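S.K.: Sharing query.csv here; it has CSV, C-alpha atoms and all ligand atoms.
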```
chain,number,residue,atom,x,y,z
A,381,MET,CA,98.1,94.0,-93.5
A,382,GLN,CA,98.9,97.3,-91.7
A,383,LYS,CA,97.7,97.8,-88.2
A,384,LYS,CA,98.1,100.5,-85.6
A,385,GLY,CA,98.6,100.1,-81.9
A,386,ARG,CA,100.2,101.1,-78.7
A,387,VAL,CA,103.4,99.5,-77.3
A,388,ILE,CA,102.7,98.2,-73.8
A,389,LYS,CA,105.8,96.0,-73.2
A,390,SER,CA,109.3,95.8,-74.4
A,391,THR,CA,112.1,93.3,-73.9
A,392,GLY,CA,114.5,95.4,-76.0
A,393,LYS,CA,114.1,93.0,-78.9
A,394,GLU,CA,110.4,92.2,-79.1
A,395,TYR,CA,107.5,94.5,-78.5
A,396,GLU,CA,104.0,93.8,-77.3
A,397,ILE,CA,101.4,95.9,-79.0
A,398,VAL,CA,97.7,96.4,-78.3
A,399,THR,CA,95.8,97.5,-81.5
A,400,THR,CA,93.0,100.0,-81.5
A,401,ASN,CA,90.4,97.1,-81.4
A,402,GLY,CA,92.1,95.4,-78.5
A,403,GLU,CA,94.1,92.7,-80.3
A,404,LYS,CA,97.6,91.8,-78.9
A,405,ILE,CA,100.5,91.5,-81.3
A,406,THR,CA,104.1,90.7,-80.8
A,407,ALA,CA,106.4,92.5,-83.2
A,408,VAL,CA,110.1,93.3,-84.0
A,409,ILE,CA,111.6,96.4,-85.6
A,410,LYS,CA,112.0,96.3,-89.3
A,411,GLY,CA,115.0,98.1,-90.8
A,412,ARG,CA,115.7,101.7,-89.8
A,413,LEU,CA,113.1,103.6,-88.0
A,414,ARG,CA,113.1,107.4,-87.6
A,415,ILE,CA,116.0,108.1,-85.3
A,416,ASN,CA,115.6,110.2,-82.1
A,417,SER,CA,117.2,113.6,-82.1
A,418,PHE,CA,119.4,112.5,-79.2
A,419,LYS,CA,121.2,109.3,-78.3
A,420,SER,CA,118.8,106.8,-76.8
A,421,THR,CA,119.2,103.2,-76.0
A,422,ASN,CA,115.7,102.3,-77.0
A,423,PRO,CA,114.3,103.5,-80.4
A,424,ILE,CA,110.8,102.5,-79.3
A,425,ALA,CA,109.3,103.0,-75.9
A,426,ILE,CA,106.4,102.0,-73.8
A,427,GLY,CA,103.4,104.1,-74.9
A,428,ASP,CA,104.6,104.7,-78.4
A,429,ILE,CA,102.0,104.5,-81.2
A,430,VAL,CA,103.3,102.3,-84.0
A,431,GLN,CA,102.4,101.0,-87.4
A,432,VAL,CA,102.7,97.2,-87.6
A,433,GLU,CA,102.9,95.1,-90.7
A,434,VAL,CA,101.1,91.8,-90.0
A,435,LYS,CA,101.5,88.8,-92.3
A,436,ASP,CA,98.6,86.4,-92.9
A,437,ASN,CA,100.8,83.3,-92.6
A,438,ASN,CA,101.6,83.8,-88.9
A,439,ASP,CA,105.1,85.1,-89.7
A,440,LYS,CA,106.7,87.6,-87.3
A,441,ALA,CA,105.0,91.0,-87.3
A,442,PHE,CA,107.1,94.1,-88.0
A,443,ILE,CA,107.0,97.6,-86.7
A,444,THR,CA,107.3,99.8,-89.8
A,445,GLY,CA,106.6,103.2,-88.4
A,446,ILE,CA,106.2,105.3,-85.3
A,447,GLU,CA,104.0,108.3,-84.7
A,448,GLU,CA,105.4,111.5,-83.4
A,449,ARG,CA,105.4,111.5,-79.6
A,450,LYS,CA,103.1,113.9,-77.8
A,451,ASN,CA,105.6,113.8,-74.9
A,452,PHE,CA,108.1,111.4,-73.3
A,453,ILE,CA,110.1,111.1,-70.2
A,454,ILE,CA,113.7,110.0,-70.1
A,455,ARG,CA,116.5,109.1,-67.8
A,456,LYS,CA,120.2,108.5,-68.2
A,457,ALA,CA,120.8,104.9,-69.4
A,458,THR,CA,123.4,104.5,-66.7
A,459,LYS,CA,124.8,106.9,-64.1
A,460,LEU,CA,127.9,108.0,-66.2
A,461,SER,CA,126.5,107.4,-69.7
A,462,LYS,CA,125.7,110.0,-72.2
A,463,GLN,CA,123.0,107.9,-73.6
A,464,PHE,CA,119.4,108.2,-72.5
A,465,GLN,CA,116.6,105.7,-72.0
A,466,ILE,CA,113.0,106.7,-72.9
A,467,LEU,CA,111.0,105.6,-69.9
A,468,ALA,CA,107.5,106.2,-71.4
A,469,ALA,CA,105.8,108.1,-74.2
A,470,ASN,CA,102.5,109.8,-74.8
A,471,ILE,CA,101.4,110.3,-71.2
A,472,ASP,CA,98.1,111.9,-70.5
A,473,GLN,CA,98.5,112.5,-66.8
A,474,ALA,CA,100.6,111.4,-63.8
A,475,PHE,CA,99.6,110.1,-60.4
A,476,LEU,CA,102.0,110.7,-57.6
A,477,MET,CA,101.6,108.4,-54.6
A,478,ILE,CA,102.4,110.2,-51.4
A,479,THR,CA,102.5,108.7,-47.9
A,480,PHE,CA,103.0,110.6,-44.6
A,481,LYS,CA,104.2,107.5,-42.8
A,482,ASN,CA,105.8,104.2,-43.8
A,483,PRO,CA,107.5,105.6,-45.8
A,484,ARG,CA,107.4,109.4,-45.5
A,485,THR,CA,107.3,111.5,-48.7
A,486,SER,CA,109.1,114.8,-48.4
A,487,THR,CA,107.5,118.0,-49.7
A,488,THR,CA,110.7,118.7,-51.6
A,489,PHE,CA,110.3,115.4,-53.5
A,490,THR,CA,106.6,116.2,-54.2
A,491,ASP,CA,107.4,119.7,-55.4
A,492,ARG,CA,110.2,118.6,-57.6
A,493,PHE,CA,107.9,116.1,-59.2
A,494,LEU,CA,105.3,118.8,-59.7
A,495,ALA,CA,107.8,121.2,-61.2
A,496,THR,CA,109.1,118.6,-63.6
A,497,ALA,CA,105.6,117.6,-64.6
A,498,GLU,CA,104.8,121.3,-65.1
A,499,ALA,CA,107.8,121.6,-67.4
A,500,TYR,CA,106.6,118.5,-69.4
A,501,ARG,CA,103.1,119.9,-69.3
A,502,VAL,CA,101.6,116.7,-67.8
A,503,PRO,CA,98.8,117.2,-65.4
A,504,VAL,CA,99.3,115.6,-62.0
A,505,ILE,CA,96.9,114.1,-59.5
A,506,LEU,CA,98.2,113.6,-56.0
A,507,LEU,CA,97.2,110.5,-54.1
A,508,PHE,CA,97.6,110.7,-50.3
A,509,ASN,CA,97.7,107.0,-49.6
A,510,LYS,CA,97.7,105.1,-46.3
A,511,VAL,CA,95.3,107.6,-44.6
A,512,ASP,CA,94.3,104.7,-42.3
A,513,LEU,CA,97.7,105.1,-40.6
A,514,LEU,CA,97.2,108.8,-39.7
A,515,ARG,CA,96.1,108.5,-36.1
A,516,SER,CA,98.1,111.3,-34.4
A,517,GLU,CA,96.8,114.8,-34.5
A,518,SER,CA,100.1,116.1,-35.9
A,519,LEU,CA,99.9,113.8,-39.0
A,520,LYS,CA,96.2,114.6,-39.5
A,521,GLU,CA,97.1,118.3,-39.4
A,522,GLU,CA,99.9,117.8,-41.8
A,523,LEU,CA,97.6,116.1,-44.3
A,524,PHE,CA,95.0,118.9,-43.9
A,525,PHE,CA,97.7,121.6,-44.4
A,526,LEU,CA,99.2,120.0,-47.5
A,527,LYS,CA,95.9,119.1,-49.1
A,528,ASN,CA,94.9,122.7,-48.8
A,529,VAL,CA,98.3,123.9,-50.2
A,530,TYR,CA,98.0,121.7,-53.3
A,531,GLN,CA,94.3,122.1,-53.9
A,532,SER,CA,94.6,125.9,-53.7
A,533,LEU,CA,97.2,125.6,-56.5
A,534,GLY,CA,94.7,123.8,-58.6
A,535,TYR,CA,96.0,120.2,-58.2
A,536,SER,CA,93.6,117.4,-57.6
A,537,VAL,CA,94.2,115.6,-54.3
A,538,ILE,CA,92.6,112.3,-53.4
A,539,GLU,CA,92.8,110.9,-49.9
A,540,LEU,CA,93.2,107.2,-50.3
A,541,SER,CA,93.6,103.9,-48.4
A,542,VAL,CA,94.2,101.1,-50.9
A,543,THR,CA,94.1,98.4,-48.2
A,544,LYS,CA,90.9,99.7,-46.6
A,545,GLY,CA,89.3,100.4,-50.0
A,546,ILE,CA,88.8,104.1,-49.4
A,547,ASN,CA,88.3,106.2,-52.5
A,548,ILE,CA,89.5,103.6,-55.0
A,549,ASP,CA,86.4,104.4,-57.0
A,550,VAL,CA,87.4,108.0,-57.2
A,551,VAL,CA,90.8,107.0,-58.6
A,552,LYS,CA,89.1,104.6,-61.0
A,553,GLU,CA,87.1,107.4,-62.6
A,554,LYS,CA,90.3,109.4,-63.1
A,555,VAL,CA,92.1,106.4,-64.7
A,556,LYS,CA,89.4,105.7,-67.3
A,557,GLY,CA,90.3,106.3,-70.9
A,558,LYS,CA,93.8,107.7,-70.1
A,559,VAL,CA,97.4,106.7,-70.1
A,560,SER,CA,98.7,107.6,-66.7
A,561,LEU,CA,102.1,107.5,-65.1
A,562,LEU,CA,102.1,106.1,-61.6
A,563,SER,CA,105.0,107.3,-59.5
A,564,GLY,CA,106.0,107.5,-55.9
A,565,HIS,CA,108.6,106.1,-53.5
A,566,SER,CA,109.0,102.4,-53.0
A,567,GLY,CA,106.5,101.1,-50.5
A,568,THR,CA,103.8,103.8,-51.0
A,569,GLY,CA,101.4,101.3,-52.4
A,570,LYS,CA,101.6,101.6,-56.2
A,571,SER,CA,101.4,97.9,-57.0
A,572,SER,CA,98.6,97.6,-54.4
A,573,LEU,CA,96.7,100.2,-56.2
A,574,ILE,CA,97.1,98.5,-59.6
A,575,LYS,CA,95.9,95.3,-58.1
A,576,ALA,CA,93.0,97.0,-56.4
A,577,LEU,CA,91.9,98.5,-59.7
A,578,ASN,CA,92.1,95.2,-61.6
A,579,PHE,CA,92.5,92.0,-59.6
A,580,ASN,CA,93.5,90.0,-62.6
A,581,ILE,CA,96.8,91.9,-63.1
A,582,ASN,CA,99.8,89.9,-62.0
A,583,ILE,CA,101.9,92.2,-59.9
A,584,GLU,CA,103.8,91.6,-56.7
A,585,ILE,CA,103.0,93.6,-53.6
A,586,GLY,CA,105.3,94.5,-50.7
A,587,LYS,CA,108.4,93.2,-52.4
A,588,LEU,CA,111.4,94.9,-53.9
A,589,SER,CA,111.5,92.2,-56.5
A,590,ARG,CA,110.4,94.7,-59.2
A,591,TYR,CA,113.9,96.2,-59.1
A,592,HIS,CA,117.3,94.7,-59.8
A,593,HIS,CA,120.3,96.3,-58.3
A,594,SER,CA,123.6,95.7,-59.9
A,595,GLY,CA,126.6,97.8,-58.7
A,596,GLN,CA,125.8,101.4,-59.0
A,597,ASN,CA,123.0,101.1,-61.4
A,598,THR,CA,119.4,100.2,-61.0
A,599,THR,CA,118.2,98.5,-64.0
A,600,SER,CA,114.5,98.3,-64.7
A,601,HIS,CA,112.0,98.3,-67.4
A,602,SER,CA,108.9,100.4,-67.5
A,603,GLN,CA,105.7,98.4,-67.6
A,604,MET,CA,102.3,99.4,-68.8
A,605,TYR,CA,99.3,97.8,-67.2
A,606,GLN,CA,96.0,97.8,-69.0
A,607,VAL,CA,93.6,98.3,-66.0
A,608,PHE,CA,90.5,98.7,-68.2
A,609,LYS,CA,89.8,99.1,-71.9
A,610,ASN,CA,91.8,102.0,-73.2
A,611,SER,CA,93.0,102.8,-69.6
A,612,TYR,CA,96.7,102.2,-68.8
A,613,LEU,CA,98.9,102.7,-65.8
A,614,ILE,CA,102.7,103.0,-66.4
A,615,ASP,CA,104.9,101.7,-63.6
A,616,THR,CA,108.6,102.7,-63.7
A,617,PRO,CA,110.2,100.5,-61.0
A,618,GLY,CA,113.3,102.1,-59.5
A,619,ILE,CA,112.6,105.5,-60.9
A,620,LYS,CA,111.7,107.8,-58.1
A,621,GLY,CA,110.8,111.0,-59.9
A,622,PHE,CA,109.6,112.1,-63.2
A,623,GLY,CA,112.7,111.6,-65.3
A,624,LEU,CA,115.0,114.4,-66.1
A,625,PHE,CA,114.5,118.0,-66.9
A,626,ASP,CA,117.1,120.7,-67.4
A,627,PHE,CA,115.9,123.5,-65.2
A,628,LYS,CA,117.5,126.7,-66.4
A,629,GLN,CA,117.8,128.9,-63.3
A,630,HIS,CA,115.8,131.8,-64.7
A,631,GLU,CA,113.0,129.5,-65.8
A,632,ILE,CA,112.4,127.8,-62.5
A,633,PRO,CA,109.7,130.2,-61.3
A,634,HIS,CA,107.6,129.2,-64.3
A,635,PHE,CA,107.2,125.8,-62.9
A,636,PHE,CA,105.9,126.9,-59.5
A,637,ARG,CA,102.5,128.3,-60.3
A,638,GLU,CA,102.0,130.6,-57.3
A,639,ILE,CA,105.6,131.9,-57.4
A,640,PHE,CA,105.2,132.7,-61.0
A,641,GLU,CA,101.9,134.6,-60.5
A,642,THR,CA,103.1,136.5,-57.4
A,643,GLY,CA,106.5,137.2,-59.0
A,644,ARG,CA,104.8,139.6,-61.5
A,645,GLN,CA,104.6,142.1,-58.6
A,646,CYS,CA,108.3,142.0,-57.7
A,647,GLY,CA,110.3,145.2,-57.8
A,648,PHE,CA,112.7,143.8,-60.5
A,649,ASP,CA,111.5,142.1,-63.7
A,650,ASP,CA,114.3,139.5,-63.3
A,651,CYS,CA,113.8,138.9,-59.6
A,652,THR,CA,114.9,135.5,-58.6
A,653,HIS,CA,113.0,135.7,-55.3
A,654,THR,CA,116.1,134.8,-53.3
A,655,HIS,CA,118.0,137.9,-52.1
A,656,GLU,CA,116.3,140.8,-53.8
A,657,ARG,CA,114.6,143.7,-52.1
A,658,ASN,CA,110.9,144.4,-52.8
A,659,CYS,CA,110.3,140.8,-53.6
A,660,ALA,CA,106.6,140.1,-53.6
A,661,VAL,CA,107.2,136.3,-53.3
A,662,LYS,CA,109.2,136.6,-50.1
A,663,GLN,CA,106.6,139.0,-48.8
A,664,ALA,CA,103.9,136.4,-49.6
A,665,VAL,CA,105.8,133.7,-47.8
A,666,GLU,CA,106.2,135.9,-44.7
A,667,GLU,CA,102.5,136.6,-44.7
A,668,GLY,CA,101.6,132.9,-45.3
A,669,ARG,CA,100.0,133.4,-48.7
A,670,ILE,CA,102.7,131.2,-50.2
A,671,SER,CA,103.5,128.0,-48.3
A,672,ILE,CA,106.9,127.9,-46.8
A,673,THR,CA,107.2,124.3,-47.9
A,674,ARG,CA,106.8,125.3,-51.5
A,675,TYR,CA,109.2,128.2,-51.2
A,676,GLU,CA,111.8,125.8,-49.6
A,677,SER,CA,111.4,123.4,-52.5
A,678,TYR,CA,111.8,126.3,-55.0
A,679,LEU,CA,115.1,127.3,-53.3
A,680,ASP,CA,116.2,123.6,-53.3
A,681,ILE,CA,115.8,123.4,-57.1
A,682,PHE,CA,117.2,126.9,-57.6
A,683,PHE,CA,120.4,126.2,-55.8
A,684,ASP,CA,120.7,122.7,-57.1
A,685,LYS,CA,124.3,122.0,-57.9
A,686,ASN,CA,124.1,118.5,-59.1
A,687,ASP,CA,122.9,117.5,-62.6
A,688,LYS,CA,120.3,115.0,-61.5
A,689,TYR,CA,117.6,116.7,-63.4
A,690,ARG,CA,119.4,117.6,-66.6
A,691,LYS,CA,117.9,116.9,-70.0
A,692,PRO,CA,120.0,116.2,-73.1
A,693,PHE,CA,118.6,118.6,-75.7
A,701,LIG,N1,98.3,100.7,-44.0
A,701,LIG,C1,98.3,100.7,-45.3
A,701,LIG,N2,99.2,99.9,-46.0
A,701,LIG,C2,99.2,99.9,-47.3
A,701,LIG,C3,98.2,100.7,-48.1
A,701,LIG,N3,98.5,100.6,-49.4
A,701,LIG,C4,99.5,99.7,-49.5
A,701,LIG,N4,99.9,99.3,-48.3
A,701,LIG,C5,101.0,98.4,-47.9
A,701,LIG,O1,102.3,99.0,-48.2
A,701,LIG,C6,103.2,98.0,-48.6
A,701,LIG,C7,103.9,98.4,-49.9
A,701,LIG,O2,102.9,98.3,-50.9
A,701,LIG,P1,103.3,98.1,-52.5
A,701,LIG,O3,102.0,98.2,-53.2
A,701,LIG,O4,104.2,97.0,-52.7
A,701,LIG,O5,104.1,99.5,-52.7
A,701,LIG,P2,104.9,100.0,-54.1
A,701,LIG,O6,104.7,101.4,-54.1
A,701,LIG,O7,104.4,99.2,-55.2
A,701,LIG,O8,106.4,99.6,-53.7
A,701,LIG,P3,107.6,99.2,-54.7
A,701,LIG,O9,107.1,97.9,-55.4
A,701,LIG,O10,108.7,99.0,-53.8
A,701,LIG,O11,107.7,100.4,-55.7
A,701,LIG,C8,102.4,96.7,-48.7
A,701,LIG,O12,102.7,96.0,-47.5
A,701,LIG,C9,101.0,97.1,-48.8
A,701,LIG,O13,100.1,96.2,-48.2
A,701,LIG,C10,97.3,101.5,-47.3
A,701,LIG,O14,96.4,102.2,-47.9
A,701,LIG,N5,97.3,101.4,-46.0
A,702,ZN,ZN,110.8,138.3,-56.3
```
Using structure tokens, write down the structure from this file.
M.R.:
Amino acid sequence: MQKKGRVIKSTGKEYEIVTTNGEKITAVIKGRLRINSFKSTNPIAIGDIVQVEVKDNNDKAFITGIEERKNFIIRKATKLSKQFQILAANIDQAFLMITFKNPRTSTTFTDRFLATAEAYRVPVILLFNKVDLLRSESLKEELFFLKNVYQSLGYSVIELSVTKGINIDVVKEKVKGKVSLLSGHSGTGKSSLIKALNFNINIEIGKLSRYHHSGQNTTSHSQMYQVFKNSYLIDTPGIKGFGLFDFKQHEIPHFFREIFETGRQCGFDDCTHTHERNCAVKQAVEEGRISITRYESYLDIFFDKNDKYRKPF
């Protein structure tokens, strides 16, 4: 019998699949599946929608086909390798867990994440977690400032305290019926949030045990947690950002909403908003209409010399 489902777990050999009516199936790949257009170490990724051939006599089930991916995020299989690993496919949205303290998330990191998500066309919801720790005026002001910056750009921002139970219900509503990537630095509270949304999920909190460091490489497997019916959170342990994207220098303004908009008024059509005269973007930064933190992040990506964010196509 043919069934259709979503891959929620992979060991590299076997795949765990949840069918449209909630049934769980373990399956292996049969024969040759459609090959990716680039070299990847995993033909099937977390989040893939697959066809499965299930035998009546309890024999192994086979994955016989894979539906075209709406999107997917990748990383290099190892630091020096030319091969890529697909971290997750068919993502509806991404949550970025940000903390101002213990640990501190930099605006450069946040803006890189947002720019990459913009390039992948994945909507992002920012979670400002651990608001219970923000006692000093300067930290409160910082939160107020950044909340304003991102909301005025059109991003959703949720102030959150997972341990104090503040606004968990707001996140719950956003999670429902969607496949969401959950990203953020180690220690920001990702596993705590998954557990707070569904207490029955078995996930460790406050431990680095979800990673495994070996030499230069961090090996990890993405994991997809079903928090409610048809609602999934994807955890990519050890992956700080959003995967890779090859930012061509002249395209970078496209991924910063306000810089792109304001840039239409620059003196030169191909203004890079770095050294040019009559630059509307620089003017807006000086006048406080564009946040200096955003502009600094833009410059950071623009002058990026390393290939951390290269994609293979
Ligand atoms: N004060 C405070 N602590 C929190 C909050 N949310 C999580 N924590 C704590 O932060 C620590 C790290 O939480 P985790 O959920 O393990 O963080 P993580 O993002 O999953 O970290 P990794 O597994 O390393 O990626 C734990 O000690 C949590 O109890 C919060 O809202 N406020
Ligand atoms: Zn300009």
S.K.: Using all atoms listed in the file, which residues sit within 10 Å of Ala499 of chain A once same-chain residues fewer than 4 positions away are excluded, as a VMD selection string?
M.R.: chain A and resid 493 to 495 625 to 627 631 to 632 634 to 636
S.K.: Using only C-alpha atoms and all ligand atoms, find each protein or nucleic acid residue lying at most 10 Å from ligand ZN 702 (chain A); present the set as a PDB file with C-alpha atoms, in the coordinates of the input.
M.R.:
```pdb
ATOM      1  CA  PRO A 633     109.700 130.200 -61.300  1.00  0.00           C
ATOM      2  CA  ILE A 639     105.600 131.900 -57.400  1.00  0.00           C
ATOM      3  CA  PHE A 640     105.200 132.700 -61.000  1.00  0.00           C
ATOM      4  CA  THR A 642     103.100 136.500 -57.400  1.00  0.00           C
ATOM      5  CA  GLY A 643     106.500 137.200 -59.000  1.00  0.00           C
ATOM      6  CA  ARG A 644     104.800 139.600 -61.500  1.00  0.00           C
ATOM      7  CA  GLN A 645     104.600 142.100 -58.600  1.00  0.00           C
ATOM      8  CA  CYS A 646     108.300 142.000 -57.700  1.00  0.00           C
ATOM      9  CA  GLY A 647     110.300 145.200 -57.800  1.00  0.00           C
ATOM     10  CA  PHE A 648     112.700 143.800 -60.500  1.00  0.00           C
ATOM     11  CA  ASP A 649     111.500 142.100 -63.700  1.00  0.00           C
ATOM     12  CA  ASP A 650     114.300 139.500 -63.300  1.00  0.00           C
ATOM     13  CA  CYS A 651     113.800 138.900 -59.600  1.00  0.00           C
ATOM     14  CA  THR A 652     114.900 135.500 -58.600  1.00  0.00           C
ATOM     15  CA  HIS A 653     113.000 135.700 -55.300  1.00  0.00           C
ATOM     16  CA  THR A 654     116.100 134.800 -53.300  1.00  0.00           C
ATOM     17  CA  HIS A 655     118.000 137.900 -52.100  1.00  0.00           C
ATOM     18  CA  GLU A 656     116.300 140.800 -53.800  1.00  0.00           C
ATOM     19  CA  ARG A 657     114.600 143.700 -52.100  1.00  0.00           C
ATOM     20  CA  ASN A 658     110.900 144.400 -52.800  1.00  0.00           C
ATOM     21  CA  CYS A 659     110.300 140.800 -53.600  1.00  0.00           C
ATOM     22  CA  ALA A 660     106.600 140.100 -53.600  1.00  0.00           C
ATOM     23  CA  VAL A 661     107.200 136.300 -53.300  1.00  0.00           C
ATOM     24  CA  LYS A 662     109.200 136.600 -50.100  1.00  0.00           C
ATOM     25  CA  GLN A 663     106.600 139.000 -48.800  1.00  0.00           C
ATOM     26  CA  ALA A 664     103.900 136.400 -49.600  1.00  0.00           C
TER      27      ALA A 664
END
```
S.K.: Which residues are near ligand LIG 701 (chain A) - at most 7 Å, using all atoms listed in the file? Format: as a list of chain:residue names.
M.R.: A:Asn509, A:Lys510, A:Val511, A:Asp512, A:Leu513, A:Leu540, A:Ser541, A:Val542, A:Thr543, A:Lys544, A:Gly564, A:His565, A:Ser566, A:Gly567, A:Thr568, A:Gly569, A:Lys570, A:Ser571, A:Ser572, A:Leu573, A:Glu584, A:Ile585, A:Gly586, A:Lys587, A:Leu588, A:Arg590, A:Pro617, A:Gly618
S.K.: So, with all atoms listed in the file as the atoms that count, which of A:Ser602, A:Gln431, A:Ser677, A:Asn482 lies closest to Ile454 of chain A?
M.R.: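 For Ile454 of chain A, the nearest of the candidates is A:Ser602.
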S.K.: Report as a list in words all protein, DNA and RNA residues lying within 12 Å of Asn401 of chain A, evaluated on all atoms listed in the file, omitting residues in the same chain fewer than 4 positions from it.
M.R.: Lys383, Lys384, Gly385, Arg386, Ile397, Ile405, Lys609 and Asn610 of chain A
S.K.: Using the selection just defined, write its residues with C-alpha atoms as a PDB file, keeping the file's coordinate frame.
M.R.:
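This went into result-v6.pdb:
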```
ATOM      1  CA  LYS A 383      97.700  97.800 -88.200  1.00  0.00           C
ATOM      2  CA  LYS A 384      98.100 100.500 -85.600  1.00  0.00           C
ATOM      3  CA  GLY A 385      98.600 100.100 -81.900  1.00  0.00           C
ATOM      4  CA  ARG A 386     100.200 101.100 -78.700  1.00  0.00           C
ATOM      5  CA  ILE A 397     101.400  95.900 -79.000  1.00  0.00           C
ATOM      6  CA  ILE A 405     100.500  91.500 -81.300  1.00  0.00           C
ATOM      7  CA  LYS A 609      89.800  99.100 -71.900  1.00  0.00           C
ATOM      8  CA  ASN A 610      91.800 102.000 -73.200  1.00  0.00           C
TER       9      ASN A 610
END
```
S.K.: Using all atoms listed in the file, find the one residue out of A:Asp491, A:Glu539, A:Asp615, A:Glu394 that sits nearest to Ile681 of chain A.
M.R.: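 With all atoms listed in the file as the atom set, the closest residue is A:Asp491.
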S.K.: For a quick check of understanding, using only C-alpha atoms, which of A:Val387, A:Ser532, A:Glu448, A:Tyr605 has the smallest distance to Glu403 of chain A?
M.R.: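 Result for the nearest residue to Glu403 of chain A: A:Val387.
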S.K.: Which of these residues is nearest to Lys393 of chain A, using all atoms listed in the file: A:Arg484, A:Val430, A:Lys556, A:Phe442?
M.R.: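 Counting all atoms listed in the file, the residue closest to Lys393 of chain A is A:Phe442.
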S.K.: Between A:Leu519, A:Val607, A:Ile548, A:Ala407, single out the one closest to Asp439 of chain A, counting all atoms listed in the file.
M.R.: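 Looking at the shortest contact to Asp439 of chain A, the residue is A:Ala407.
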S.K.: In terms of the shortest atom-to-atom distance over all atoms listed in the file, which of A:Gln463, A:Gln629, A:Thr616, A:Asn582 is closest to Met604 of chain A?
M.R.: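 For Met604 of chain A, the nearest of the candidates is A:Thr616.
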S.K.: Excluding same-chain residues fewer than 3 positions from Leu476 of chain A, what lies within 8 Å of it counting only C-alpha atoms, as a compact mmCIF listing (two decimals) with C-alpha atoms, keeping the file's coordinate frame?
M.R.:
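What landed in out.txt:
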```txt
# COMPACT_ATOMS: atom_id res chain seq x y z
CA THR A 490 106.60 116.20 -54.20
CA VAL A 504 99.30 115.60 -62.00
CA ILE A 505 96.90 114.10 -59.50
CA LEU A 506 98.20 113.60 -56.00
CA LEU A 507 97.20 110.50 -54.10
CA LEU A 562 102.10 106.10 -61.60
CA SER A 563 105.00 107.30 -59.50
CA GLY A 564 106.00 107.50 -55.90
```
S.K.: May I ask you to restore all heavy atoms in segment 443-447 of chain A and write the result as a JSON list (two decimals), keeping the file's coordinate frame?
M.R.:
```json
[["chain", "number", "residue", "atom", "x", "y", "z"],
["A", 443, "ILE", "N", 107.33, 96.17, -86.89],
["A", 443, "ILE", "CA", 107.00, 97.60, -86.70],
["A", 443, "ILE", "C", 107.63, 98.36, -87.82],
["A", 443, "ILE", "O", 108.84, 98.31, -88.02],
["A", 443, "ILE", "CB", 107.55, 98.08, -85.32],
["A", 443, "ILE", "CG1", 106.87, 97.32, -84.17],
["A", 443, "ILE", "CG2", 107.35, 99.58, -85.18],
["A", 443, "ILE", "CD1", 107.43, 97.64, -82.81],
["A", 444, "THR", "N", 106.80, 99.06, -88.58],
["A", 444, "THR", "CA", 107.30, 99.80, -89.80],
["A", 444, "THR", "C", 107.35, 101.27, -89.58],
["A", 444, "THR", "O", 107.96, 101.98, -90.37],
["A", 444, "THR", "CB", 106.48, 99.42, -91.00],
["A", 444, "THR", "OG1", 105.11, 99.67, -90.68],
["A", 444, "THR", "CG2", 106.64, 97.97, -91.40],
["A", 445, "GLY", "N", 106.66, 101.77, -88.58],
["A", 445, "GLY", "CA", 106.60, 103.20, -88.40],
["A", 445, "GLY", "C", 106.24, 103.58, -86.98],
["A", 445, "GLY", "O", 105.67, 102.76, -86.25],
["A", 446, "ILE", "N", 106.59, 104.81, -86.61],
["A", 446, "ILE", "CA", 106.20, 105.30, -85.30],
["A", 446, "ILE", "C", 105.69, 106.68, -85.35],
["A", 446, "ILE", "O", 106.23, 107.51, -86.08],
["A", 446, "ILE", "CB", 107.48, 105.18, -84.33],
["A", 446, "ILE", "CG1", 107.29, 105.98, -83.05],
["A", 446, "ILE", "CG2", 108.75, 105.63, -85.01],
["A", 446, "ILE", "CD1", 108.37, 105.75, -82.04],
["A", 447, "GLU", "N", 104.59, 106.92, -84.66],
["A", 447, "GLU", "CA", 104.00, 108.30, -84.70],
["A", 447, "GLU", "C", 104.74, 109.22, -83.82],
["A", 447, "GLU", "O", 105.31, 108.82, -82.81],
["A", 447, "GLU", "CB", 102.51, 108.17, -84.29],
["A", 447, "GLU", "CG", 101.67, 107.56, -85.36],
["A", 447, "GLU", "CD", 100.18, 107.77, -85.16],
["A", 447, "GLU", "OE1", 99.77, 108.43, -84.19],
["A", 447, "GLU", "OE2", 99.44, 107.24, -86.00]]
```
